[in-house]
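Student: This structure is in structure tokens; I'll ask about it shortly.
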2 protein chains.
Amino acid sequence: MHKREAMSGETSSLNDNNGSNLKLKNETKRKVATREDVAKMAGVSVATVSHVINNTKYVSQELREKVIEAVRFYNYKPNMVARSLTTKRSNHIGIIVNDITNPYYGEIAQGMEEIAHKHGYIVSLCLASGDSESYITSILERQMDGIFMATTRSYDFTRKHIESLVHSGVALVNDPYGIGSVIKFNYKTAMDNLMSYLAGLGHKRVAYLSGIPLKSTGDQRFSLYEEGVEKYGLVSDENLVVEGMYPYSTNHRAGYDAMNILLSRNTRVTAVLTTNDYMAFGAMKAIKKTGLRIPEDISVAGCDDIILAEYTDPPLTTIRVPKKEMGRQAMYIILNEINEKKHYTKIIDTDLVIRESTGPAKT
Amino acid sequence: MHKREAMSGETSSLNDNNGSNLKLKNETKRKVATREDVAKMAGVSVATVSHVINNTKYVSQELREKVIEAVRFYNYKPNMVARSLTTKRSNHIGIIVNDITNPYYGEIAQGMEEIAHKHGYIVSLCLASGDSESYITSILERQMDGIFMATTRSYDFTRKHIESLVHSGVALVNDPYGIGSVIKFNYKTAMDNLMSYLAGLGHKRVAYLSGIPLKSTGDQRFSLYEEGVEKYGLVSDENLVVEGMYPYSTNHRAGYDAMNILLSRNTRVTAVLTTNDYMAFGAMKAIKKTGLRIPEDISVAGCDDIILAEYTDPPLTTIRVPKKEMGRQAMYIILNEINEKKHYTKIIDTDLVIRESTGPAKT
DNA sequence: GTGAAAGCGCTAACAC
DNA sequence: GTGTTAGCGCTTTCAC
């Protein structure tokens with residue numbers, strides 16, 4: 001790493017007082033105006049400054065204007081850290097995601113941030129790949145007001161972890177024990193359409209590639225897959241199911257590996273469903289590598305409909321889920337939960353999107 | 001939204017004192033143990049508790065153990081908000097990105113978070129699509145220690161904005177005015193290889209699709225493109241350059257639109273370069289839509305090498321940039337800058353990755 | 001309508 | 001080696 005001279009003039013610029021008459025208690029620290037400076041300049045008390053800033057009590061037009069001017073003069077910004085300390089509200093929420101690299105989570109985070117920002121909240125990233133204990137600690141230490149556990153890995157969190165959050169009054173969405181609020185996608189119609197569509201194309205042996213443990217997580221889509229197999233008279237064979245392995249992941253690599261396992265089982269599979277689109281991409285790669293064609297030899301369907309699903313070779317049949325909307329709704333729930341101390345349940349519908357990665361079963 | 005009964009038993013559970021003898025000043029607020037509770041239980045002063053927790057002074061083994069036990073008993077976590085107020089360090093940094101939906105930014109954010117988390121920092125998301133002024137305010141209010149402006153839209157921030165950050169002592173990486181530290185990719189070799197490669201394939205009319213204004217941002221890649229055109233004797237024609245339009249964006253939509261503009265100009269183009277992979281995806285879509293083939297009619301090359309570039313139809317030739325590493329290094333720089341009050345410059349090399357979206361020029 | 005002052009949980013002198 | 005205490009910047013009773 002190349003060091004170079006400080007360009008901002010360091011100490012000299014730090015001592016430049018911007019023309020104001022701030023009294024600096026500590027010359028070496030940041031010198032920003034506080035409510036006291038503002039109060040002094042406006043010739044009022046700090047309480048009054050507080051009231052005009054927060055609109056928390058009527059203040060005469062005259063003083064109000066003086067305060068506003070002083071605020072402007074100093075370019076004064078309230079110190080949220082100090083405020084949080086007294087109000088016990090950090091206006092800081094967290095989103096726990098598997099992998100922010102996956103546009104699926106990116107969209108959720110984006111939707112969430114949109115609403116959070118609009119309401120004066122800030123959202124911090126907690127990556128579920130790390131040590132979950134340390135994130136719990138972080139959430140607690142930072143006095144976060146809420147957490148959206150938008151991760152398939154929420155089972156990494158013990159009941160004790162979650163309870164310590166609840167105990168501290170953290171608003172929870174999608175905790176693995178259903179203690180807080182719940183928001184989820186409803187795959188029922190979309191999955192039924194998908195299974196019916198595949199059955200209609202003559203598929204008998206449809207596989208399910210999962211990146212996560214199936215039973216413990218109660219994956220709704222897997223249940224619907226099983227129902228579909230039954231309903232449409234498909235072959236029920238546990239060799240057609242590839243479960244995730246520790247350390248569970250649902251990326252393209254996981255899809256690639258799962259598909260190779262499936263192929264090695266010689267199941268005469270003609271269609272595969274995956275946990276998400278990323279896994280579908282990996283599965284497609286594995287299929288092509290063996291010289292098989294999509295969809296002529298094997299049809300592939302993903303889930304999520306991330307942007308890229310449209311651009312793959314061939315374009316991916318998948319289930320479209322309103323990701324950004326989930327982020328927004330999760331934030332609304334957290335906002336409500338913080339204020340009302342109530343829990344909510346929200347179900348969001350999904351759709352089947354048919355593209356070219358699925359076609360008639362090989363005869 | 002369906003309301004349902006609070007499942008956690010609300011007030012009753014909030015009054016459940018967990019067996020501890022915390023004195024609750026305010027029964028309706030969160031009741032978490034403070035250092036005072038811990039001190040009392042351990043029979044020491046609050047200062048001593050502080051010292052064992054922060055390892056800031058020697059404390060006798062005996063007291064140390066007592067403190068640790070009390071900490072464990074209460075499951076005590078230091079209140080970072082209070083700590084920040086006194087230390088004037090929030091251990092909170094921000095990353096400003098265009099679009100967290102783009103895996104390019106996802107990877108950067110992930111690398112950053114990895115290092116941040118390891119050092120007790122938390123990273124918050126600031127989406128550049130929103131009102132930049134409000135993010136500046138937020139950064140200031142929250143007393144953030146540092147900001148990585150990992151966005152092509154940093155020109156949205158005025159000099160005044162940036163100076164207010166500097167003035168408050170916020171460590172800056174990649175601010176648009178070069179006041180703070182700088183981290184960037186070096187495209188020189190990769191771009192030269194790409195231009196030489198295309199020239200070798202017989203391409204004479206190579207286009208450049210940008211999502212951002214070209215001159216003002218000083219896009220290094222565009223300069224290198226121009227150099228390459230010169231060096232390899234390609235056709236220099238401003239019709240081959242499509243500049244971004246306000247509101248600038250570099251997503252697949254922007255690529256689609258830019259490609260359509262290019263096609264409408266009848267330039268007999270045989271190869272196109274784009275600002276990033278997302279734009280390349282859009283460009284490919286536009287090309288295919290007109291019935292042209294890739295790469296037989298038009299070659300396409302992107303930049304970034306996001307995961308999906310490998311899976312498109314056809315797989316995309318692109319420039320591989322170590323995104324996660326940039327995130328890590330940016331965080332290291334911020335860490336250093338916070339402690340050393342120095343600025344740094346870091347250049348990261350990139351590579352050309354040739355896939356099937358580029359081929360011989362149409363004759 | 002406005003101000004004084006207590007207190008949020010912590011750190012860092014400074015005493016002892 | 002350990003304890004006391006004065007703030008950090010803010011909100012919020014409670015007087016005036």
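Identifiers for the structure tokens are assigned positionally: chains receive A, B, ... in sequence, residues are indexed from 1 per chain, and ligands are indexed from 1 in the order shown.
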Output as a ChimeraX atom specification all residues of segment 98-340 of chain A that backbone DSSP marks as strand (DSSP E or B).
Tutor: /A:122-127,146-150,171-173,181-186,206-209,241-242,271-274,299-301,304,312,317-320
Student: Generate the output file for the selected residues, N, CA and C atoms, as an mmCIF file, in the first residue's frame.
Tutor:
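To be explicit, this is the file written out as again_13.cif:
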data_model
loop_
_atom_site.group_PDB
_atom_site.id
_atom_site.type_symbol
_atom_site.label_atom_id
_atom_site.label_comp_id
_atom_site.auth_asym_id
_atom_site.auth_seq_id
_atom_site.Cartn_x
_atom_site.Cartn_y
_atom_site.Cartn_z
ATOM 1 N N ILE A 122 -31.482 3.297 9.386
ATOM 2 C CA ILE A 122 -30.341 2.906 8.587
ATOM 3 C C ILE A 122 -30.252 1.392 8.663
ATOM 4 N N VAL A 123 -29.844 0.741 7.572
ATOM 5 C CA VAL A 123 -29.800 -0.715 7.613
ATOM 6 C C VAL A 123 -28.383 -1.236 7.428
ATOM 7 N N SER A 124 -28.024 -2.084 8.362
ATOM 8 C CA SER A 124 -26.694 -2.673 8.331
ATOM 9 C C SER A 124 -26.751 -4.113 7.880
ATOM 10 N N LEU A 125 -25.662 -4.503 7.266
ATOM 11 C CA LEU A 125 -25.535 -5.825 6.687
ATOM 12 C C LEU A 125 -24.960 -6.811 7.700
ATOM 13 N N CYS A 126 -25.613 -7.943 7.855
ATOM 14 C CA CYS A 126 -25.040 -9.011 8.655
ATOM 15 C C CYS A 126 -24.975 -10.237 7.758
ATOM 16 N N LEU A 127 -23.785 -10.716 7.475
ATOM 17 C CA LEU A 127 -23.660 -11.846 6.562
ATOM 18 C C LEU A 127 -23.709 -13.165 7.311
ATOM 19 N N GLY A 146 -34.391 -3.537 15.182
ATOM 20 C CA GLY A 146 -35.059 -4.636 14.509
ATOM 21 C C GLY A 146 -34.125 -5.421 13.615
ATOM 22 N N ILE A 147 -34.546 -6.622 13.285
ATOM 23 C CA ILE A 147 -33.745 -7.508 12.438
ATOM 24 C C ILE A 147 -34.651 -8.262 11.483
ATOM 25 N N PHE A 148 -34.240 -8.273 10.233
ATOM 26 C CA PHE A 148 -34.941 -9.113 9.261
ATOM 27 C C PHE A 148 -34.006 -10.264 8.933
ATOM 28 N N MET A 149 -34.423 -11.462 9.292
ATOM 29 C CA MET A 149 -33.569 -12.614 9.044
ATOM 30 C C MET A 149 -33.922 -13.188 7.675
ATOM 31 N N ALA A 150 -33.410 -12.552 6.671
ATOM 32 C CA ALA A 150 -33.729 -12.941 5.294
ATOM 33 C C ALA A 150 -32.740 -13.988 4.824
ATOM 34 N N ALA A 171 -37.158 -5.967 17.451
ATOM 35 C CA ALA A 171 -38.250 -6.423 16.591
ATOM 36 C C ALA A 171 -37.701 -7.445 15.608
ATOM 37 N N LEU A 172 -38.364 -8.588 15.549
ATOM 38 C CA LEU A 172 -37.845 -9.692 14.738
ATOM 39 C C LEU A 172 -38.772 -10.045 13.580
ATOM 40 N N VAL A 173 -38.191 -10.262 12.429
ATOM 41 C CA VAL A 173 -38.970 -10.778 11.308
ATOM 42 C C VAL A 173 -38.278 -12.027 10.789
ATOM 43 N N SER A 181 -42.409 -11.645 13.978
ATOM 44 C CA SER A 181 -43.293 -11.575 12.826
ATOM 45 C C SER A 181 -42.804 -12.497 11.712
ATOM 46 N N VAL A 182 -43.692 -12.719 10.774
ATOM 47 C CA VAL A 182 -43.367 -13.634 9.681
ATOM 48 C C VAL A 182 -43.738 -12.998 8.352
ATOM 49 N N ILE A 183 -42.831 -13.128 7.397
ATOM 50 C CA ILE A 183 -43.176 -12.704 6.045
ATOM 51 C C ILE A 183 -42.661 -13.787 5.125
ATOM 52 N N LYS A 184 -43.500 -14.241 4.232
ATOM 53 C CA LYS A 184 -42.995 -15.270 3.329
ATOM 54 C C LYS A 184 -43.714 -15.269 1.995
ATOM 55 N N PHE A 185 -43.108 -15.991 1.085
ATOM 56 C CA PHE A 185 -43.716 -16.128 -0.222
ATOM 57 C C PHE A 185 -44.655 -17.324 -0.201
ATOM 58 N N ASN A 186 -45.723 -17.204 -0.934
ATOM 59 C CA ASN A 186 -46.627 -18.326 -1.096
ATOM 60 C C ASN A 186 -46.362 -18.940 -2.467
ATOM 61 N N VAL A 206 -39.135 -36.117 -12.206
ATOM 62 C CA VAL A 206 -38.745 -34.735 -11.924
ATOM 63 C C VAL A 206 -37.937 -34.713 -10.625
ATOM 64 N N ALA A 207 -36.757 -34.143 -10.703
ATOM 65 C CA ALA A 207 -35.885 -34.120 -9.518
ATOM 66 C C ALA A 207 -35.981 -32.798 -8.769
ATOM 67 N N TYR A 208 -35.555 -32.825 -7.529
ATOM 68 C CA TYR A 208 -35.536 -31.610 -6.709
ATOM 69 C C TYR A 208 -34.155 -31.462 -6.106
ATOM 70 N N LEU A 209 -33.474 -30.398 -6.467
ATOM 71 C CA LEU A 209 -32.130 -30.164 -5.926
ATOM 72 C C LEU A 209 -32.205 -29.078 -4.861
ATOM 73 N N VAL A 241 -34.205 -36.800 -5.260
ATOM 74 C CA VAL A 241 -34.050 -35.647 -4.374
ATOM 75 C C VAL A 241 -32.604 -35.554 -3.896
ATOM 76 N N VAL A 242 -31.990 -34.438 -4.115
ATOM 77 C CA VAL A 242 -30.628 -34.224 -3.618
ATOM 78 C C VAL A 242 -30.687 -33.129 -2.561
ATOM 79 N N ALA A 271 -36.353 -33.816 -15.775
ATOM 80 C CA ALA A 271 -36.541 -32.407 -15.379
ATOM 81 C C ALA A 271 -36.044 -32.219 -13.956
ATOM 82 N N VAL A 272 -35.462 -31.056 -13.696
ATOM 83 C CA VAL A 272 -35.020 -30.782 -12.326
ATOM 84 C C VAL A 272 -35.474 -29.399 -11.867
ATOM 85 N N LEU A 273 -35.873 -29.373 -10.603
ATOM 86 C CA LEU A 273 -36.212 -28.111 -9.960
ATOM 87 C C LEU A 273 -35.107 -27.821 -8.949
ATOM 88 N N THR A 274 -34.828 -26.553 -8.750
ATOM 89 C CA THR A 274 -33.799 -26.202 -7.777
ATOM 90 C C THR A 274 -34.337 -25.186 -6.770
ATOM 91 N N SER A 299 -34.961 -30.815 -18.672
ATOM 92 C CA SER A 299 -35.533 -29.488 -18.435
ATOM 93 C C SER A 299 -35.057 -28.997 -17.076
ATOM 94 N N VAL A 300 -34.903 -27.693 -16.958
ATOM 95 C CA VAL A 300 -34.457 -27.115 -15.689
ATOM 96 C C VAL A 300 -35.363 -25.948 -15.309
ATOM 97 N N ALA A 301 -35.750 -25.916 -14.038
ATOM 98 C CA ALA A 301 -36.534 -24.769 -13.557
ATOM 99 C C ALA A 301 -35.959 -24.301 -12.236
ATOM 100 N N ASP A 304 -37.004 -17.726 -8.089
ATOM 101 C CA ASP A 304 -36.632 -16.356 -7.693
ATOM 102 C C ASP A 304 -36.786 -15.372 -8.842
ATOM 103 N N THR A 312 -29.708 -16.385 -19.383
ATOM 104 C CA THR A 312 -28.913 -17.606 -19.427
ATOM 105 C C THR A 312 -29.152 -18.375 -20.716
ATOM 106 N N THR A 317 -36.680 -21.078 -17.028
ATOM 107 C CA THR A 317 -38.032 -21.140 -16.479
ATOM 108 C C THR A 317 -37.883 -21.079 -14.964
ATOM 109 N N THR A 318 -38.686 -20.250 -14.339
ATOM 110 C CA THR A 318 -38.489 -20.066 -12.896
ATOM 111 C C THR A 318 -39.758 -19.530 -12.252
ATOM 112 N N ILE A 319 -39.713 -19.354 -10.957
ATOM 113 C CA ILE A 319 -40.862 -18.780 -10.247
ATOM 114 C C ILE A 319 -40.514 -17.353 -9.872
ATOM 115 N N ARG A 320 -41.315 -16.460 -10.309
ATOM 116 C CA ARG A 320 -41.034 -15.044 -10.024
ATOM 117 C C ARG A 320 -41.546 -14.681 -8.641
#
Student: Show me, as a ChimeraX atom specification, the residues of chain C whose atoms get within 9 Å of chain B, using only C-alpha atoms (C1' of nucleotides) for the distance check.
Tutor: /C:8-11
Student: Go ahead and save the picked residues with C-alpha atoms (C1' of nucleotides), as a PDB file, in the first residue's frame.
Tutor:
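Wrote part16.pdb, looks like this:
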ATOM      1  C1'  DC C   8     -29.006   7.630  29.391  1.00  0.00           C
ATOM      2  C1'  DG C   9     -24.233   3.963  29.790  1.00  0.00           C
ATOM      3  C1'  DC C  10     -19.861   4.550  29.009  1.00  0.00           C
ATOM      4  C1'  DT C  11     -14.632   6.171  29.215  1.00  0.00           C
TER       5       DT C  11
END
Student: Could you pull the residues within 8 Å of Leu198 of chain A, counting only C-alpha atoms (C1' of nucleotides), minus those fewer than 3 positions along the same chain, as a PDB file with N, CA and C atoms, in the first residue's frame?
Tutor:
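Saved as part-v8.pdb:
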ATOM      1  N   LEU A 194     -46.311 -25.133 -12.069  1.00  0.00           N
ATOM      2  CA  LEU A 194     -45.065 -25.687 -12.586  1.00  0.00           C
ATOM      3  C   LEU A 194     -45.145 -27.209 -12.710  1.00  0.00           C
ATOM      4  N   MET A 195     -45.624 -27.846 -11.670  1.00  0.00           N
ATOM      5  CA  MET A 195     -45.705 -29.304 -11.688  1.00  0.00           C
ATOM      6  C   MET A 195     -46.686 -29.772 -12.761  1.00  0.00           C
ATOM      7  N   LEU A 201     -46.024 -31.828 -20.127  1.00  0.00           N
ATOM      8  CA  LEU A 201     -44.982 -31.993 -21.144  1.00  0.00           C
ATOM      9  C   LEU A 201     -44.470 -33.430 -21.181  1.00  0.00           C
ATOM     10  N   GLY A 202     -45.089 -34.261 -20.362  1.00  0.00           N
ATOM     11  CA  GLY A 202     -44.724 -35.670 -20.384  1.00  0.00           C
ATOM     12  C   GLY A 202     -43.637 -36.074 -19.401  1.00  0.00           C
ATOM     13  N   HIS A 203     -43.230 -35.178 -18.524  1.00  0.00           N
ATOM     14  CA  HIS A 203     -42.185 -35.527 -17.548  1.00  0.00           C
ATOM     15  C   HIS A 203     -42.747 -36.455 -16.473  1.00  0.00           C
ATOM     16  N   ALA A 271     -36.353 -33.816 -15.775  1.00  0.00           N
ATOM     17  CA  ALA A 271     -36.541 -32.407 -15.379  1.00  0.00           C
ATOM     18  C   ALA A 271     -36.044 -32.219 -13.956  1.00  0.00           C
ATOM     19  N   THR A 358     -37.230 -25.253 -20.196  1.00  0.00           N
ATOM     20  CA  THR A 358     -38.113 -26.401 -20.004  1.00  0.00           C
ATOM     21  C   THR A 358     -38.811 -26.723 -21.318  1.00  0.00           C
ATOM     22  N   GLY A 359     -38.985 -27.994 -21.583  1.00  0.00           N
ATOM     23  CA  GLY A 359     -39.647 -28.409 -22.817  1.00  0.00           C
ATOM     24  C   GLY A 359     -40.160 -29.834 -22.666  1.00  0.00           C
ATOM     25  N   PRO A 360     -40.666 -30.380 -23.751  1.00  0.00           N
ATOM     26  CA  PRO A 360     -41.225 -31.738 -23.711  1.00  0.00           C
ATOM     27  C   PRO A 360     -40.209 -32.744 -23.185  1.00  0.00           C
TER      28      PRO A 360
END
Student: Write out as a PyMOL selection string which residues come within 10 Å of Pro247 of chain B when counting only C-alpha atoms (C1' of nucleotides), dropping same-chain ones fewer than 3 positions away.
Tutor: chain B and resi 129+153+211-212+244
Student: List the spatial neighbours of segment 117-121 of chain A as a PDB file with N, CA and C atoms, in the first residue's frame - criterion: any atom at most 8 Å away, only C-alpha atoms (C1' of nucleotides), same-chain residues fewer than 4 positions off excluded.
Tutor:
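See result_16.pdb below for the written result:
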ATOM      1  N   ASN A  91     -32.715   3.645  15.782  1.00  0.00           N
ATOM      2  CA  ASN A  91     -33.116   3.825  14.379  1.00  0.00           C
ATOM      3  C   ASN A  91     -32.140   3.101  13.456  1.00  0.00           C
ATOM      4  N   HIS A  92     -31.774   1.950  13.894  1.00  0.00           N
ATOM      5  CA  HIS A  92     -30.770   1.160  13.203  1.00  0.00           C
ATOM      6  C   HIS A  92     -31.309  -0.258  13.144  1.00  0.00           C
ATOM      7  N   ILE A  93     -31.454  -0.767  11.938  1.00  0.00           N
ATOM      8  CA  ILE A  93     -31.941  -2.132  11.855  1.00  0.00           C
ATOM      9  C   ILE A  93     -30.954  -2.968  11.039  1.00  0.00           C
ATOM     10  N   GLU A 113     -34.017  -1.098   2.393  1.00  0.00           N
ATOM     11  CA  GLU A 113     -33.317   0.170   2.587  1.00  0.00           C
ATOM     12  C   GLU A 113     -34.176   1.336   2.126  1.00  0.00           C
TER      13      GLU A 113
END
Student: Segment 1-208 of chain B: which residues are helix (DSSP H, G or I) by DSSP, as a count of residues only?
Tutor: 96
Student: For DT13 of chain D, work out the shell of residues within 12 Å, counting only C-alpha atoms (C1' of nucleotides) and skipping chain neighbours fewer than 4 positions away, then give it as a PyMOL selection string.
Tutor: (chain A and resi 47) or (chain C and resi 4-7)
Student: Give me a file of those residues, with N, CA and C atoms (P, O5', C5', C4', C3', O3' and C1' of nucleotides), as a PDB file, in the first residue's frame.
Tutor:
ATOM      1  N   ALA A  47     -33.034  23.175  25.538  1.00  0.00           N
ATOM      2  CA  ALA A  47     -34.347  22.524  25.464  1.00  0.00           C
ATOM      3  C   ALA A  47     -35.136  23.087  24.287  1.00  0.00           C
TER       4      ALA A  47
ATOM      5  P    DA C   4     -31.512  28.448  32.056  1.00  0.00           P
ATOM      6  O5'  DA C   4     -31.567  27.631  33.426  1.00  0.00           O
ATOM      7  C5'  DA C   4     -32.814  27.487  34.118  1.00  0.00           C
ATOM      8  C4'  DA C   4     -32.671  26.434  35.207  1.00  0.00           C
ATOM      9  C3'  DA C   4     -31.268  25.856  35.400  1.00  0.00           C
ATOM     10  O3'  DA C   4     -31.187  25.404  36.740  1.00  0.00           O
ATOM     11  C1'  DA C   4     -32.664  24.208  34.448  1.00  0.00           C
ATOM     12  P    DA C   5     -29.913  24.644  37.278  1.00  0.00           P
ATOM     13  O5'  DA C   5     -30.324  23.121  37.048  1.00  0.00           O
ATOM     14  C5'  DA C   5     -31.572  22.665  37.569  1.00  0.00           C
ATOM     15  C4'  DA C   5     -31.661  21.157  37.386  1.00  0.00           C
ATOM     16  C3'  DA C   5     -30.333  20.414  37.534  1.00  0.00           C
ATOM     17  O3'  DA C   5     -30.644  19.127  38.020  1.00  0.00           O
ATOM     18  C1'  DA C   5     -31.161  20.014  35.416  1.00  0.00           C
ATOM     19  P    DA C   6     -29.574  18.296  38.809  1.00  0.00           P
ATOM     20  O5'  DA C   6     -30.244  16.839  38.823  1.00  0.00           O
ATOM     21  C5'  DA C   6     -31.676  16.742  38.790  1.00  0.00           C
ATOM     22  C4'  DA C   6     -32.059  15.543  37.941  1.00  0.00           C
ATOM     23  C3'  DA C   6     -31.076  14.369  38.047  1.00  0.00           C
ATOM     24  O3'  DA C   6     -31.823  13.169  38.045  1.00  0.00           O
ATOM     25  C1'  DA C   6     -31.232  15.039  35.809  1.00  0.00           C
ATOM     26  P    DG C   7     -31.176  11.817  38.523  1.00  0.00           P
ATOM     27  O5'  DG C   7     -30.937  11.093  37.129  1.00  0.00           O
ATOM     28  C5'  DG C   7     -32.062  10.862  36.294  1.00  0.00           C
ATOM     29  C4'  DG C   7     -31.575  10.398  34.953  1.00  0.00           C
ATOM     30  C3'  DG C   7     -30.412   9.397  35.007  1.00  0.00           C
ATOM     31  O3'  DG C   7     -30.707   8.370  34.108  1.00  0.00           O
ATOM     32  C1'  DG C   7     -29.902  11.110  33.538  1.00  0.00           C
TER      33       DG C   7
END
Student: For chain B, work out the contacting residues on chain D at 8 Å, counting only C-alpha atoms (C1' of nucleotides), and write them as a ChimeraX atom specification.
Tutor: /D:1-3,8-9
